[in-house]
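Source file: coords37.cif; contents: mmCIF, C-alpha atoms.
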data_input
#
loop_
_atom_site.label_atom_id
_atom_site.label_comp_id
_atom_site.auth_asym_id
_atom_site.auth_seq_id
_atom_site.Cartn_x
_atom_site.Cartn_y
_atom_site.Cartn_z
CA MET A 156 113.51 86.71 107.10
CA ILE A 157 116.32 86.69 104.56
CA ILE A 158 115.77 87.08 100.82
CA ARG A 159 118.76 85.44 99.15
CA ASN A 160 120.37 86.09 95.76
CA GLY A 161 117.74 88.41 94.30
CA ASN A 162 118.41 91.03 91.65
CA VAL A 163 117.42 93.96 93.84
CA PHE A 164 116.25 97.23 92.31
CA GLN A 165 118.52 100.02 93.56
CA GLU A 166 117.85 103.70 94.26
CA ASP A 167 119.93 104.61 91.18
CA GLY A 168 117.70 102.47 88.92
CA SER A 169 120.13 99.59 88.47
CA TYR A 170 119.77 95.99 89.64
CA ARG A 171 122.26 94.41 92.05
CA LYS A 172 122.45 90.76 93.04
CA MET A 173 122.35 90.79 96.84
CA ASP A 174 120.64 89.52 99.96
CA LEU A 175 118.01 91.50 101.86
CA TYR A 176 117.57 91.15 105.62
CA VAL A 177 114.21 91.72 107.29
CA GLU A 178 113.41 92.18 110.98
CA ASN A 179 110.00 93.21 112.34
CA GLY A 180 108.77 94.18 108.89
CA ARG A 181 111.71 96.44 108.09
CA ILE A 182 114.89 96.08 106.11
CA VAL A 183 118.02 95.87 108.25
CA SER A 184 121.68 96.03 107.36
CA SER A 185 122.99 92.61 108.33
CA GLU A 186 122.10 88.99 108.99
CA GLU A 187 123.11 89.44 112.64
CA GLU A 188 120.10 91.72 113.13
CA VAL A 189 117.64 89.06 111.95
CA SER A 190 115.96 86.86 114.57
CA ASP A 191 113.76 84.81 112.17
CA LYS A 192 116.21 83.08 109.84
CA GLU A 193 113.56 81.88 107.35
CA GLU A 194 115.07 82.16 103.87
CA ILE A 195 113.48 82.87 100.52
CA ASP A 196 115.52 81.94 97.48
CA ALA A 197 115.13 84.77 94.96
CA SER A 198 117.71 83.42 92.51
CA GLY A 199 116.86 84.53 88.99
CA LEU A 200 114.18 86.92 90.27
CA LYS A 201 113.96 90.69 90.31
CA VAL A 202 113.15 92.27 93.66
CA LEU A 203 111.22 95.52 93.37
CA PRO A 204 109.92 97.89 96.03
CA GLY A 205 106.21 97.41 96.68
CA LEU A 206 104.21 99.75 94.47
CA VAL A 207 102.50 102.88 95.79
CA ASP A 208 99.13 103.82 94.26
CA ILE A 209 98.03 107.26 95.44
CA HIS A 210 94.92 107.46 93.22
CA SER A 211 92.48 104.55 93.08
CA HIS A 212 88.74 104.45 93.73
CA GLY A 213 88.23 100.73 94.03
CA ALA A 214 88.50 97.18 92.67
CA VAL A 215 86.92 93.70 92.81
CA GLY A 216 83.37 95.04 92.87
CA HIS A 217 83.91 97.51 95.71
CA ASP A 218 84.41 101.28 95.86
CA PHE A 219 85.94 103.40 98.63
CA SER A 220 82.94 105.71 98.22
CA ASP A 221 80.67 102.89 99.43
CA ALA A 222 81.89 103.84 102.93
CA ASP A 223 82.11 100.12 103.68
CA ALA A 224 85.14 99.00 105.68
CA THR A 225 84.58 95.35 104.70
CA GLY A 226 84.57 96.24 101.01
CA LEU A 227 87.65 98.42 101.43
CA LYS A 228 89.45 95.50 103.05
CA LYS A 229 88.72 93.38 99.96
CA ILE A 230 90.15 96.15 97.77
CA LEU A 231 93.31 96.21 99.89
CA LYS A 232 93.73 92.43 99.62
CA TYR A 233 93.42 92.64 95.82
CA GLU A 234 95.98 95.43 95.67
CA LYS A 235 98.53 93.53 97.77
CA ALA A 236 98.13 90.44 95.61
CA HIS A 237 98.98 92.58 92.58
CA GLY A 238 102.15 94.15 93.98
CA ILE A 239 100.66 97.34 95.42
CA THR A 240 101.66 97.49 99.08
CA SER A 241 100.88 101.16 99.82
CA TYR A 242 97.52 102.57 98.82
CA CYS A 243 95.48 105.78 98.95
CA PRO A 244 91.72 105.14 98.64
CA THR A 245 90.23 107.95 96.56
CA SER A 246 86.83 109.59 96.90
CA MET A 247 84.41 110.89 94.29
CA THR A 248 82.23 114.02 94.21
CA LEU A 249 79.29 113.26 96.49
CA PRO A 250 77.07 115.07 99.04
CA MET A 251 78.92 116.56 102.01
CA GLU A 252 77.44 114.24 104.63
CA GLN A 253 78.27 111.20 102.52
CA LEU A 254 81.89 112.30 102.05
CA ILE A 255 82.32 112.66 105.81
CA ARG A 256 81.08 109.06 106.27
CA ILE A 257 83.39 107.85 103.50
CA PHE A 258 86.50 109.37 105.05
CA ALA A 259 85.54 108.12 108.50
CA SER A 260 85.17 104.56 107.15
CA ALA A 261 88.89 104.41 106.35
CA THR A 262 89.67 104.52 110.07
CA GLU A 263 87.63 101.33 110.61
CA VAL A 264 89.76 99.05 108.43
CA GLU A 265 92.04 96.59 110.19
CA GLN A 266 95.57 96.86 108.79
CA ASP A 267 97.58 93.63 108.50
CA ASP A 268 100.12 91.90 106.28
CA SER A 269 97.45 90.27 104.10
CA SER A 270 96.60 93.61 102.53
CA ALA A 271 98.01 96.78 101.08
CA ARG A 272 98.51 99.42 103.77
CA ILE A 273 96.45 102.59 103.70
CA VAL A 274 99.11 105.32 103.68
CA GLY A 275 96.71 108.21 103.10
CA LEU A 276 93.46 109.21 101.44
CA ASN A 277 92.93 111.11 98.19
CA MET A 278 90.03 113.61 98.06
CA GLU A 279 89.36 114.02 94.34
CA GLY A 280 86.05 115.89 94.62
CA PRO A 281 84.05 118.06 95.11
CA PHE A 282 86.15 121.21 94.45
CA LEU A 283 86.10 120.83 90.67
CA ASP A 284 85.23 122.79 87.54
CA PRO A 285 81.83 121.63 86.22
CA ALA A 286 83.08 122.15 82.65
CA LYS A 287 85.69 119.43 83.26
CA LYS A 288 83.75 117.19 85.60
CA GLY A 289 84.63 113.96 83.79
CA ALA A 290 82.85 111.12 85.59
CA HIS A 291 81.88 113.27 88.60
CA VAL A 292 78.27 114.30 89.26
CA GLU A 293 77.85 118.01 88.55
CA GLU A 294 75.12 118.66 91.11
CA TYR A 295 77.50 117.74 93.97
CA ILE A 296 80.39 119.93 92.80
CA ARG A 297 81.03 122.87 95.11
CA LYS A 298 83.42 125.80 95.37
CA PRO A 299 86.66 125.20 97.27
CA ASP A 300 85.67 125.26 100.93
CA ILE A 301 88.38 125.39 103.61
CA ARG A 302 86.01 124.63 106.47
CA PHE A 303 84.49 121.60 104.74
CA PHE A 304 87.90 120.21 103.87
CA ARG A 305 88.91 120.47 107.52
CA GLU A 306 85.73 118.64 108.56
CA CYS A 307 86.63 115.82 106.18
CA GLN A 308 90.20 115.76 107.43
CA GLU A 309 88.99 115.53 111.02
CA ALA A 310 86.61 112.68 110.13
CA SER A 311 89.49 110.81 108.49
CA GLY A 312 91.75 111.14 111.50
CA GLY A 313 94.12 113.34 109.51
CA MET A 314 94.63 110.76 106.76
CA ILE A 315 93.83 112.91 103.70
CA LYS A 316 97.14 113.38 101.86
CA VAL A 317 95.92 114.83 98.53
CA VAL A 318 93.01 117.10 97.58
CA THR A 319 92.11 118.10 94.02
CA VAL A 320 91.17 121.72 93.35
CA ALA A 321 90.23 123.48 90.11
CA PRO A 322 92.24 126.72 90.38
CA ASN A 323 89.87 128.65 88.11
CA MET A 324 87.01 128.33 90.58
CA GLU A 325 86.07 131.05 93.03
CA GLY A 326 87.83 130.57 96.36
CA ALA A 327 90.61 128.36 95.00
CA GLU A 328 93.43 130.81 95.69
CA ALA A 329 92.42 131.27 99.33
CA PHE A 330 92.03 127.49 99.67
CA ILE A 331 95.55 126.87 98.38
CA GLU A 332 97.11 129.55 100.58
CA ALA A 333 95.33 128.28 103.69
CA LEU A 334 96.00 124.56 103.24
CA LYS A 335 99.21 124.17 101.23
CA ASP A 336 101.20 123.26 104.34
CA ASP A 337 98.61 120.75 105.56
CA VAL A 338 97.87 118.65 102.46
CA VAL A 339 99.17 118.10 98.92
CA ILE A 340 97.00 120.34 96.75
CA SER A 341 96.54 118.91 93.29
CA ILE A 342 95.31 120.83 90.25
CA GLY A 343 92.75 118.89 88.28
CA HIS A 344 89.32 118.67 86.66
CA THR A 345 89.78 122.20 85.43
CA GLY A 346 89.54 124.42 82.40
CA ALA A 347 92.30 126.64 83.79
CA ASP A 348 94.64 128.28 81.32
CA TYR A 349 98.43 128.44 81.69
CA ASP A 350 98.49 131.66 83.71
CA CYS A 351 95.83 130.49 86.16
CA ALA A 352 97.55 127.15 86.70
CA ALA A 353 101.00 128.71 87.02
CA LYS A 354 99.70 131.15 89.64
CA ALA A 355 98.18 128.28 91.63
CA MET A 356 101.52 126.50 91.53
CA GLU A 357 103.29 129.63 92.73
CA LYS A 358 100.84 129.68 95.65
CA GLY A 359 101.75 126.10 96.56
CA ALA A 360 99.72 123.63 94.46
CA HIS A 361 102.60 121.43 93.25
CA HIS A 362 100.69 118.39 92.04
CA VAL A 363 98.44 117.56 89.07
CA THR A 364 95.56 115.06 89.04
CA HIS A 365 95.72 112.60 86.10
CA LEU A 366 97.63 114.81 83.64
CA TYR A 367 95.87 115.24 80.25
CA ASN A 368 92.54 113.91 81.49
CA ALA A 369 89.79 116.38 82.52
CA MET A 370 91.79 119.45 81.46
CA ASN A 371 92.47 121.44 78.30
CA PRO A 372 94.97 119.86 75.88
CA LEU A 373 98.52 121.12 75.42
CA GLY A 374 98.31 123.68 72.64
CA HIS A 375 101.13 125.68 71.12
CA ARG A 376 99.26 128.96 71.78
CA ALA A 377 97.18 127.76 74.74
CA PRO A 378 99.52 125.52 76.75
CA GLY A 379 97.25 125.22 79.81
CA VAL A 380 97.84 123.16 82.94
CA ILE A 381 100.14 120.67 81.23
CA ALA A 382 102.82 123.20 80.31
CA ALA A 383 102.48 125.01 83.65
CA ALA A 384 103.16 121.70 85.41
CA ALA A 385 106.18 121.03 83.19
CA ASP A 386 107.52 124.50 83.97
CA ASP A 387 107.19 124.07 87.75
CA PRO A 388 110.20 122.04 88.94
CA LEU A 389 108.38 121.17 92.17
CA CYS A 390 105.28 119.80 90.45
CA MET A 391 104.56 116.08 90.46
CA ALA A 392 102.14 114.96 87.73
CA GLU A 393 99.94 111.89 87.94
CA MET A 394 99.49 109.88 84.77
CA ILE A 395 97.16 106.94 84.13
CA GLY A 396 99.20 104.21 82.46
CA ASP A 397 96.48 101.82 81.29
CA GLY A 398 97.01 102.41 77.56
CA ILE A 399 93.44 103.71 77.23
CA HIS A 400 93.49 107.14 78.83
CA ILE A 401 96.64 108.40 77.05
CA HIS A 402 98.24 107.46 73.72
CA PRO A 403 101.62 105.70 74.05
CA ALA A 404 103.41 108.45 72.12
CA ILE A 405 102.16 111.03 74.61
CA VAL A 406 103.20 108.83 77.52
CA ARG A 407 106.74 108.47 76.14
CA ASN A 408 107.09 112.17 75.41
CA THR A 409 105.65 113.21 78.77
CA PHE A 410 108.40 111.27 80.54
CA ARG A 411 110.90 113.10 78.33
CA MET A 412 109.30 116.46 79.14
CA PHE A 413 109.01 115.97 82.91
CA GLY A 414 111.97 113.66 83.50
CA GLU A 415 111.94 110.45 85.52
CA GLU A 416 111.68 112.28 88.87
CA ARG A 417 108.25 113.91 88.48
CA ILE A 418 105.82 111.49 86.84
CA VAL A 419 103.59 109.57 89.25
CA LEU A 420 101.91 106.56 87.66
CA ILE A 421 98.42 105.90 88.99
CA SER A 422 95.74 103.35 88.21
CA ASP A 423 92.68 105.58 88.83
CA SER A 424 90.96 102.21 89.09
CA MET A 425 87.29 101.75 89.88
CA MET A 426 85.35 98.74 91.11
CA ALA A 427 85.56 96.92 87.75
CA ALA A 428 89.29 96.29 88.24
CA GLY A 429 89.79 92.57 88.73
CA MET A 430 86.28 91.82 87.46
CA GLU A 431 84.67 90.44 84.31
CA ASN A 432 83.16 92.67 81.61
CA GLY A 433 79.87 94.08 82.86
CA VAL A 434 77.98 96.97 84.45
CA TYR A 435 79.37 98.65 87.56
CA GLU A 436 79.15 101.97 89.43
CA LEU A 437 81.39 104.94 90.10
CA GLY A 438 80.24 107.80 92.28
CA GLY A 439 76.65 106.64 91.96
CA GLN A 440 76.75 106.53 88.16
CA LYS A 441 76.38 103.51 85.89
CA VAL A 442 79.64 102.38 84.30
CA ILE A 443 80.01 99.85 81.50
CA MET A 444 83.33 97.98 81.40
CA ASN A 445 84.38 96.07 78.31
CA ASN A 446 87.91 94.83 77.64
CA ARG A 447 89.46 97.02 80.35
CA LYS A 448 87.73 100.21 79.15
CA ALA A 449 85.24 101.70 81.63
CA VAL A 450 82.80 104.38 80.41
CA LEU A 451 79.64 106.17 81.52
CA GLU A 452 76.50 105.72 79.45
CA ASP A 453 77.42 108.86 77.46
CA GLY A 454 80.84 107.41 76.58
CA THR A 455 82.89 109.45 79.09
CA ILE A 456 85.86 107.43 80.37
CA ALA A 457 85.17 106.60 84.02
CA GLY A 458 88.42 105.61 85.69
CA SER A 459 90.34 102.49 84.75
CA ALA A 460 89.67 98.79 85.12
CA THR A 461 93.24 97.82 85.87
CA ASN A 462 95.76 98.08 88.72
CA LEU A 463 98.98 100.01 89.10
CA TYR A 464 101.26 97.02 88.51
CA GLU A 465 99.59 96.37 85.16
CA CYS A 466 99.86 100.10 84.37
CA MET A 467 103.60 99.94 85.07
CA GLN A 468 103.95 96.93 82.75
CA CYS A 469 101.87 98.70 80.10
CA VAL A 470 104.06 101.80 80.20
CA ILE A 471 107.19 99.67 79.81
CA ALA A 472 105.57 98.00 76.79
CA MET A 473 105.04 101.49 75.34
CA GLY A 474 108.80 102.01 75.28
CA VAL A 475 109.40 103.79 78.61
CA PRO A 476 112.63 102.43 80.17
CA GLU A 477 111.96 99.82 82.82
CA HIS A 478 113.75 101.66 85.61
CA THR A 479 111.89 104.87 84.79
CA ALA A 480 108.51 103.14 84.98
CA ILE A 481 109.43 101.46 88.27
CA PHE A 482 110.46 104.81 89.76
CA ALA A 483 107.12 106.27 88.62
CA ALA A 484 105.21 103.52 90.45
CA THR A 485 107.33 103.41 93.63
CA ARG A 486 109.72 106.24 94.48
CA ASN A 487 107.84 109.12 92.86
CA PRO A 488 104.40 108.51 94.39
CA ALA A 489 106.02 107.95 97.78
CA LYS A 490 107.86 111.24 97.50
CA SER A 491 104.77 113.04 96.26
CA ILE A 492 102.87 112.41 99.51
CA GLY A 493 105.87 112.58 101.84
CA ILE A 494 106.33 108.91 102.73
CA TYR A 495 109.57 108.11 100.91
CA GLY A 496 111.30 107.73 104.27
CA GLU A 497 109.09 104.68 104.83
CA VAL A 498 108.51 103.09 101.42
CA GLY A 499 109.44 103.41 97.75
CA SER A 500 112.90 101.83 97.78
CA LEU A 501 114.67 98.87 99.36
CA VAL A 502 117.20 100.23 101.84
CA PRO A 503 117.79 99.64 105.56
CA GLY A 504 115.26 101.35 107.79
CA LYS A 505 112.38 101.24 105.33
CA ARG A 506 109.43 98.88 105.36
CA ALA A 507 110.16 95.52 103.79
CA ASP A 508 107.51 95.91 101.12
CA MET A 509 108.71 94.09 98.04
CA VAL A 510 107.67 92.27 94.90
CA LEU A 511 109.56 89.24 93.59
CA ALA A 512 109.12 89.01 89.82
CA ASP A 513 110.58 87.08 86.92
CA GLU A 514 112.62 88.62 84.11
CA LYS A 515 109.43 89.75 82.35
CA LEU A 516 108.16 91.30 85.61
CA ASN A 517 105.45 88.70 86.12
CA ILE A 518 104.75 88.59 89.86
CA VAL A 519 106.05 85.52 91.69
CA ARG A 520 105.51 86.68 95.28
CA VAL A 521 104.57 89.84 97.20
CA ILE A 522 106.07 90.42 100.66
#

Now, as a test, write the supplied structure out as structure tokens.
Amino acid sequence: MIIRNGNVFQEDGSYRKMDLYVENGRIVSSEEEVSDKEEIDASGLKVLPGLVDIHSHGAVGHDFSDADATGLKKILKYEKAHGITSYCPTSMTLPMEQLIRIFASATEVEQDDSSARIVGLNMEGPFLDPAKKGAHVEEYIRKPDIRFFRECQEASGGMIKVVTVAPNMEGAEAFIEALKDDVVISIGHTGADYDCAAKAMEKGAHHVTHLYNAMNPLGHRAPGVIAAAADDPLCMAEMIGDGIHIHPAIVRNTFRMFGEERIVLISDSMMAAGMENGVYELGGQKVIMNNRKAVLEDGTIAGSATNLYECMQCVIAMGVPEHTAIFAATRNPAKSIGIYGEVGSLVPGKRADMVLADEKLNIVRVI
């Protein structure tokens, strides 16, 4: 396949009018390497890398925590149609036996070009702080448990890429030290103060789960997790870009504080994404979604009802530079889970995952 005359997003954040050559699902350097000469005319279109969502629970009426491979396949088809080509299904806090079944179900999904590719799994619970449980069920929260994590990892076939840990909980330090070389350890759902969070980062937890949400706010005398993450040059911070979880002014200033290399846009979507207003579920709890806002019965925000591509567009509308937002939805998440050699930019050798969009970034085609 040859994509002709597109304005291709470059690794330096610029656009360049050029052709892209594809062979066996990967970008190659020249037309001579292409056996299928089918051409796509991308004149007047922007060509972006396929987006990478490392934190999403579900969409179109299905949830990864249903442990249903058929439902997960429908989620993956929805994601691909909306420009997300690499995807990490994300679990909730549930009983141990149920979590093992959930992670095992990801190995049962047939991977093909009709759907986003599962590039890893995200284990958001159960190693959380009950005081910052958010939409997680408190009775299933447990202390960080190395053995149980390894059981889940075995059930998943080694697919878990990210695990959230509250560093202020008993056993967290040992958990981080034991597993930091095996999985990305993310600080989240925690009441940890600055010193506690900074110590966890020193031990090897260089990632933060949905910055600002389910943690103490940034205070000038009590800076907490947010400032510790900003101070750690290795730390990648997730941020939900739906315009509901975080005020636009905070979004803009967080990009200024962290720079364009370290913010990872996520959807944190749940099954209401792609659906009409109504009543849904997340982690076994009732969720009411109205006009893109999803909440528990007590008013707690319960994930988002949007997808990562819409989050990227929303962040741009907030005043974040276009190239910065694209990096945060492609390059940065890929780097954060160690797959940037495969996806996240459009250069020879990488997977030919791409989005053709018009000048306003409306999707025309996903490849």

Check your understanding: Expressed in Å to a single decimal, how great is the separation between CA of Gly493 (chain A) and CA of Val183 (chain A)?
Key -> 21.6 Å

Practice item. Run the PyMOL selection byres ((chain A and resi 372-380) around 10) mentally over the shown coordinates, then write out the matched residues as number ranges by chain, using the chain letters and numbers from the document. Key: A: 322, 342-343, 345-353, 356, 363, 366-371, 381-386

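For the set A:Gly474, A:Pro388, A:Gly458, A:Gly312, the residue with the smallest atom-to-atom gap to His402 (chain A) is A:Gly474, counting all atoms listed in the file.
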
Review point. Hey, can you check how far CA of Leu283 (chain A) sits from CA of Ser246 (chain A)?
Key: 12.9 Å

Exercise for review: Could you tell me which residues the PyMOL selection byres ((chain A and resi 437-452) around 12) grabs in this file, written as a PyMOL selection string?
Suggested key: chain A and resi 211-214+216-222+245-250+253-254+257+279-281+289-293+295+397-400+422-436+453-462+465-466

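The coordinates place CA of Val419 (chain A) at 17.1 Å from CA of His344 (chain A).
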
**Study point:** Given the PyMOL selection byres ((chain A and resi 501) around 6), the residues it picks as a ChimeraX atom specification
**Key:** /A:204,500,502

Exercise for review: For each of A:Gly496, A:Val475, A:Phe303, A:Glu252, take the minimum atom-to-atom distance to Ala404 (chain A), counting all atoms listed in the file, then give the residue where this is smallest.
Suggested key: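 Among the listed residues, A:Val475 lies closest to Ala404 (chain A).
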
Exercise for review: Can you work out which one of A:Ser491, A:Asn179, A:Ser260, A:Thr225 has the shortest atom-to-atom distance to Val338 (chain A), counting all atoms listed in the file?
Suggested key: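 Ranked by minimum distance to Val338 (chain A), first place goes to A:Ser491.
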
Exercise for review: Kindly indicate which residue among A:Ile273, A:Leu511, A:Val215, A:Ala480 lies nearest to Ile195 (chain A), using only C-alpha atoms for the distances.
Suggested key: A:Leu511

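Counting all atoms listed in the file, the residue from A:Cys469, A:Leu389, A:Val317, A:Ile522 that sits nearest to Ile492 (chain A) is A:Val317.
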